[in-house]
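One structure is given here, and the rest of the page talks about it.
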Amino acid sequence: MHYRELGRTGWHVSEISFGAWAIGASWGAVDDNESLAAMHAAIDLGCNFIDTADVYGDGHSERLVAQLRRERAGEEIIVATKLGRRLPQQVPEGYTPENIHAWVNRSLQNLETDTLDIVQLHCPPTAVYYMPEMFEVMDSLIRMGKIRYYGVSVEKVEEALKAIEYPNVSTVQIIFNMFRHRPVELFFQEAKRRKVGILARVPLASGLLTGKMTRNSQFANDDHRNFNRYGEAFDRGETFSGVDYETGLQAVEEIKALVPEGITLTQFALRWILMYDAVSCAIPGGKRPDQVAQNSSASELPPLNDVQMLKIREIYGKYIARQVHHRW
């Protein structure tokens, strides 16, 4: 496992870290013992960074991460959580000091700690990024010792660019994968200039970029790849990166031809993300130890070559760009 600076936090985090959405909720059936085994496998393989949120299973994901930390006492495990999605409706008026403090206190309890490593605003409405008083509340939480650093998780590049204007935003979590190229154009260079860490989320486009899905794939009723395919429950961009499923399958078939013998499309897709030095880490999910092992090994792969990088850009332009580039 290789490590990269997480902005100006002083931490060096594993290039392939662990996204804990899948072990909390909205990804079909999950077994807690297997989830813990997956996280232990990640730590064994060099992962030192876990991303979770207070709404993943209504705190269940956070509590599993707390259990992992107890079982791996003495080892460095940096945990980023998120807040804001507990609002019954996503409206800027809900981001009050009272609500923010309540959410932080609940995560402190769930994660069994006195200080949260990183707290991220969890894809709030765009208007929230234009509320400096909200970021002042986050600053006050640092002064109180309840959080060490804070950042944002965004839907749109424009939101990311606005967020990093605030001097104490240390990290930005953004969807970045072979189906989402727009962050490269301006945001990455601005984040590097301001020394802001970047967490690449949805790195496998909800599993499309594993190459294992087909037109006949079925998803459980409680899997967002079933109930949010068209944005019925939350932002459409969270599911398959906003790409039409059938179109995504066509693009994947062409990408498969670029994958060298001996590695999987999953590993290839994660290694593509690591080609961009602005990225601090990718945070794929994993329900089982074998998934985690495959993800982690991407850190050790050789770089993609110029021909592969060019072909991926061409495939993105042919199939994907017109569906997502102007939206997010």
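Scheme for the structure tokens: letters A, B, ... for chains in order shown; per-chain residue numbers from 1; ligand numbers from 1 in order shown.
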
Surrounding residues of Glu190 (chain A) excluding itself and chain neighbours under 6 positions, 9 Å, only C-alpha atoms, as a VMD selection string: chain A and resid 161 164 196

Atoms kept (C-alpha atoms) for selection, written as a PDB file, in the first residue's frame:
```
ATOM      1  CA  LEU A 161     -14.813  25.180  -5.914  1.00  0.00           C
ATOM      2  CA  ILE A 164     -12.493  25.555  -0.824  1.00  0.00           C
ATOM      3  CA  VAL A 196      -6.977  20.552   0.056  1.00  0.00           C
TER       4      VAL A 196
END
```

Output as a tab-separated table one row per residue of region 120-171 of chain A within 10 Å of region 52-65 of chain A: the closest atom pair and its distance in Å to one decimal place, counting only C-alpha atoms, sorted by chain and residue number ascending.
```
residue	atom	partner	partner_atom	distance
A:Gln120	CA	A:Ala53	CA	8.6
A:Leu121	CA	A:Ala53	CA	9.7
A:His122	CA	A:Ala53	CA	7.9
```

Backbone DSSP call of strand (DSSP E) for region 76-175 of chain A, listed as a ChimeraX atom specification: /A:78-83,116-122,147-153,169-175

Which residues come within 10 Å of Gln291 (chain A), counting only C-alpha atoms, excluding same-chain residues fewer than 4 positions away, as a PDB file with C-alpha atoms, in the first residue's frame?
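Result file is part07.pdb:
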```pdb
ATOM      1  CA  ALA A  38     -13.791  -6.806   5.524  1.00  0.00           C
ATOM      2  CA  ALA A  41      -8.768  -7.146   6.045  1.00  0.00           C
ATOM      3  CA  ALA A  42      -8.455  -3.546   4.871  1.00  0.00           C
ATOM      4  CA  THR A 266     -11.948  -3.144 -10.740  1.00  0.00           C
ATOM      5  CA  PRO A 284     -14.287   1.995  -2.640  1.00  0.00           C
ATOM      6  CA  GLY A 285     -16.709   0.061  -0.490  1.00  0.00           C
ATOM      7  CA  GLY A 286     -16.291  -3.574   0.385  1.00  0.00           C
ATOM      8  CA  LYS A 287     -18.663  -6.043   2.024  1.00  0.00           C
ATOM      9  CA  ASN A 295      -9.369  -3.143  -4.204  1.00  0.00           C
ATOM     10  CA  SER A 296      -6.249  -2.684  -2.088  1.00  0.00           C
TER      11      SER A 296
END
```

When DSSP is applied to the backbone of this structure, which of region 73-322 of chain A are assigned alpha helix (DSSP H)? Write them out as a PyMOL selection string. chain A and resi 97-110+132-144+157-163+187-193+224-227+245-256+265-274+289-296+306-315+321-322

Counting only C-alpha atoms, the option among A:Ala257, A:Ala298, A:Ala278, A:Val324 closest to Ile312 (chain A): A:Ala257

Nearby residues (only C-alpha atoms) at most 9 Å from Pro124 (chain A), same-chain spacing under 4 positions excluded, as a VMD selection string: chain A and resid 84 to 85 90 to 92 95 128 to 129 152 to 155

Please list as a list in words every residue within 9 Å of Val202 (chain A), counting only C-alpha atoms and excluding residues in the same chain fewer than 6 positions away.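 The filter keeps Gly19, Ile174, Ile175, Phe176, Asn177, Glu238, Thr239, Phe240, Ser241, Ala282, Ile283, Pro284 and Gly285 of chain A.
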
Would you export the selected residues with N, CA and C atoms as a tab-separated table (two decimals), in the first residue's frame, please?
```
chain	number	residue	atom	x	y	z
A	19	GLY	N	-14.56	2.78	2.04
A	19	GLY	CA	-15.84	3.48	2.11
A	19	GLY	C	-16.87	2.61	2.81
A	174	ILE	N	-15.55	13.95	-3.61
A	174	ILE	CA	-16.23	14.20	-4.87
A	174	ILE	C	-16.26	12.93	-5.71
A	175	ILE	N	-17.31	12.74	-6.48
A	175	ILE	CA	-17.38	11.58	-7.35
A	175	ILE	C	-16.36	11.75	-8.47
A	176	PHE	N	-15.45	10.78	-8.55
A	176	PHE	CA	-14.41	10.81	-9.57
A	176	PHE	C	-14.10	9.39	-9.97
A	177	ASN	N	-14.29	9.10	-11.24
A	177	ASN	CA	-14.00	7.78	-11.78
A	177	ASN	C	-13.94	7.87	-13.30
A	238	GLU	N	-25.48	9.83	-7.63
A	238	GLU	CA	-24.93	8.89	-6.66
A	238	GLU	C	-25.03	7.44	-7.14
A	239	THR	N	-25.92	7.18	-8.07
A	239	THR	CA	-26.18	5.82	-8.55
A	239	THR	C	-25.66	5.67	-9.97
A	240	PHE	N	-24.70	4.78	-10.14
A	240	PHE	CA	-24.03	4.58	-11.44
A	240	PHE	C	-23.42	5.88	-11.96
A	241	SER	N	-23.07	6.78	-11.04
A	241	SER	CA	-22.47	8.08	-11.38
A	241	SER	C	-23.37	8.92	-12.28
A	282	ALA	N	-8.77	6.97	-2.97
A	282	ALA	CA	-10.05	6.48	-3.44
A	282	ALA	C	-10.69	5.69	-2.31
A	283	ILE	N	-12.02	5.75	-2.22
A	283	ILE	CA	-12.69	5.09	-1.10
A	283	ILE	C	-13.76	4.10	-1.58
A	284	PRO	N	-13.32	3.02	-2.24
A	284	PRO	CA	-14.29	2.00	-2.64
A	284	PRO	C	-14.87	1.30	-1.41
A	285	GLY	N	-16.10	0.85	-1.54
A	285	GLY	CA	-16.71	0.06	-0.49
A	285	GLY	C	-16.29	-1.39	-0.61
```

Mind dumping a table of every region 153-206 of chain A residue within 7 Å of region 267-277 of chain A, with the nearest atom pair and its distance in Å to one decimal, using only C-alpha atoms, sorted by chain and rising number, as a Markdown table?
```
| residue | atom | partner | partner_atom | distance |
| --- | --- | --- | --- | --- |
| A:Asn177 | CA | A:Ile273 | CA | 6.2 |
| A:Met178 | CA | A:Ala269 | CA | 6.8 |
| A:Pro203 | CA | A:Leu270 | CA | 6.7 |
| A:Leu204 | CA | A:Ala269 | CA | 6.8 |
```

Go ahead and dump the residues you just picked, C-alpha atoms, as an mmCIF file, in the first residue's frame.
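File produced: part-v2.cif:
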```cif
data_model
loop_
_atom_site.group_PDB
_atom_site.id
_atom_site.type_symbol
_atom_site.label_atom_id
_atom_site.label_comp_id
_atom_site.auth_asym_id
_atom_site.auth_seq_id
_atom_site.Cartn_x
_atom_site.Cartn_y
_atom_site.Cartn_z
ATOM 1 C CA ASN A 177 -13.997 7.776 -11.780
ATOM 2 C CA MET A 178 -13.694 6.758 -15.438
ATOM 3 C CA PRO A 203 -14.817 5.159 -7.641
ATOM 4 C CA LEU A 204 -16.398 2.125 -9.312
#
```

Closest to Gln294 (chain A) among A:Gln250, A:Thr210, A:Asn221, A:Asn110, using only C-alpha atoms?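 Among the listed residues, the smallest separation from Gln294 (chain A) belongs to A:Thr210.
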
Between CA of Phe49 (chain A) and CA of Glu76 (chain A), measure the distance and give it in Å to one decimal.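 CA of Glu76 (chain A) lies at a distance of 8.5 Å from CA of Phe49 (chain A).
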
Would you pick out the contacts of Val172 (chain A) at 7 Å or less, using only C-alpha atoms, so that residues sharing its chain but fewer than 5 positions from it are not included, and give the list as a PyMOL selection string? chain A and resi 151-153+160+197-199

Residue among A:Ile77, A:Ala191, A:Ile23, A:Leu83 lying closest to Cys47 (chain A), counting only C-alpha atoms: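 Ranked by minimum distance to Cys47 (chain A), first place goes to A:Ile77.
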
Which residue of A:Phe187, A:Tyr319, A:Phe227, A:Tyr166 approaches Glu246 (chain A) most closely, using only C-alpha atoms: A:Tyr319

Need the shell around Gly242 (chain A): protein/DNA/RNA residues with any atom at most 10 Å away, counting only C-alpha atoms. Skip same-chain ones fewer than 4 positions apart. Format as a PyMOL selection string? chain A and resi 179-180+205-206+229-231+235-238+248+320+323-325+327-328

Point out the residue among A:Glu300, A:Glu314, A:Val279, A:Pro167 with the least atom-to-atom distance to Arg4 (chain A), counting only C-alpha atoms.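 So, comparing all the options, the nearest one is A:Val279.
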
Could you check which of A:Glu232, A:Asp244, A:Glu93, A:Asp31 is closest to Met134 (chain A), using only C-alpha atoms? A:Glu93
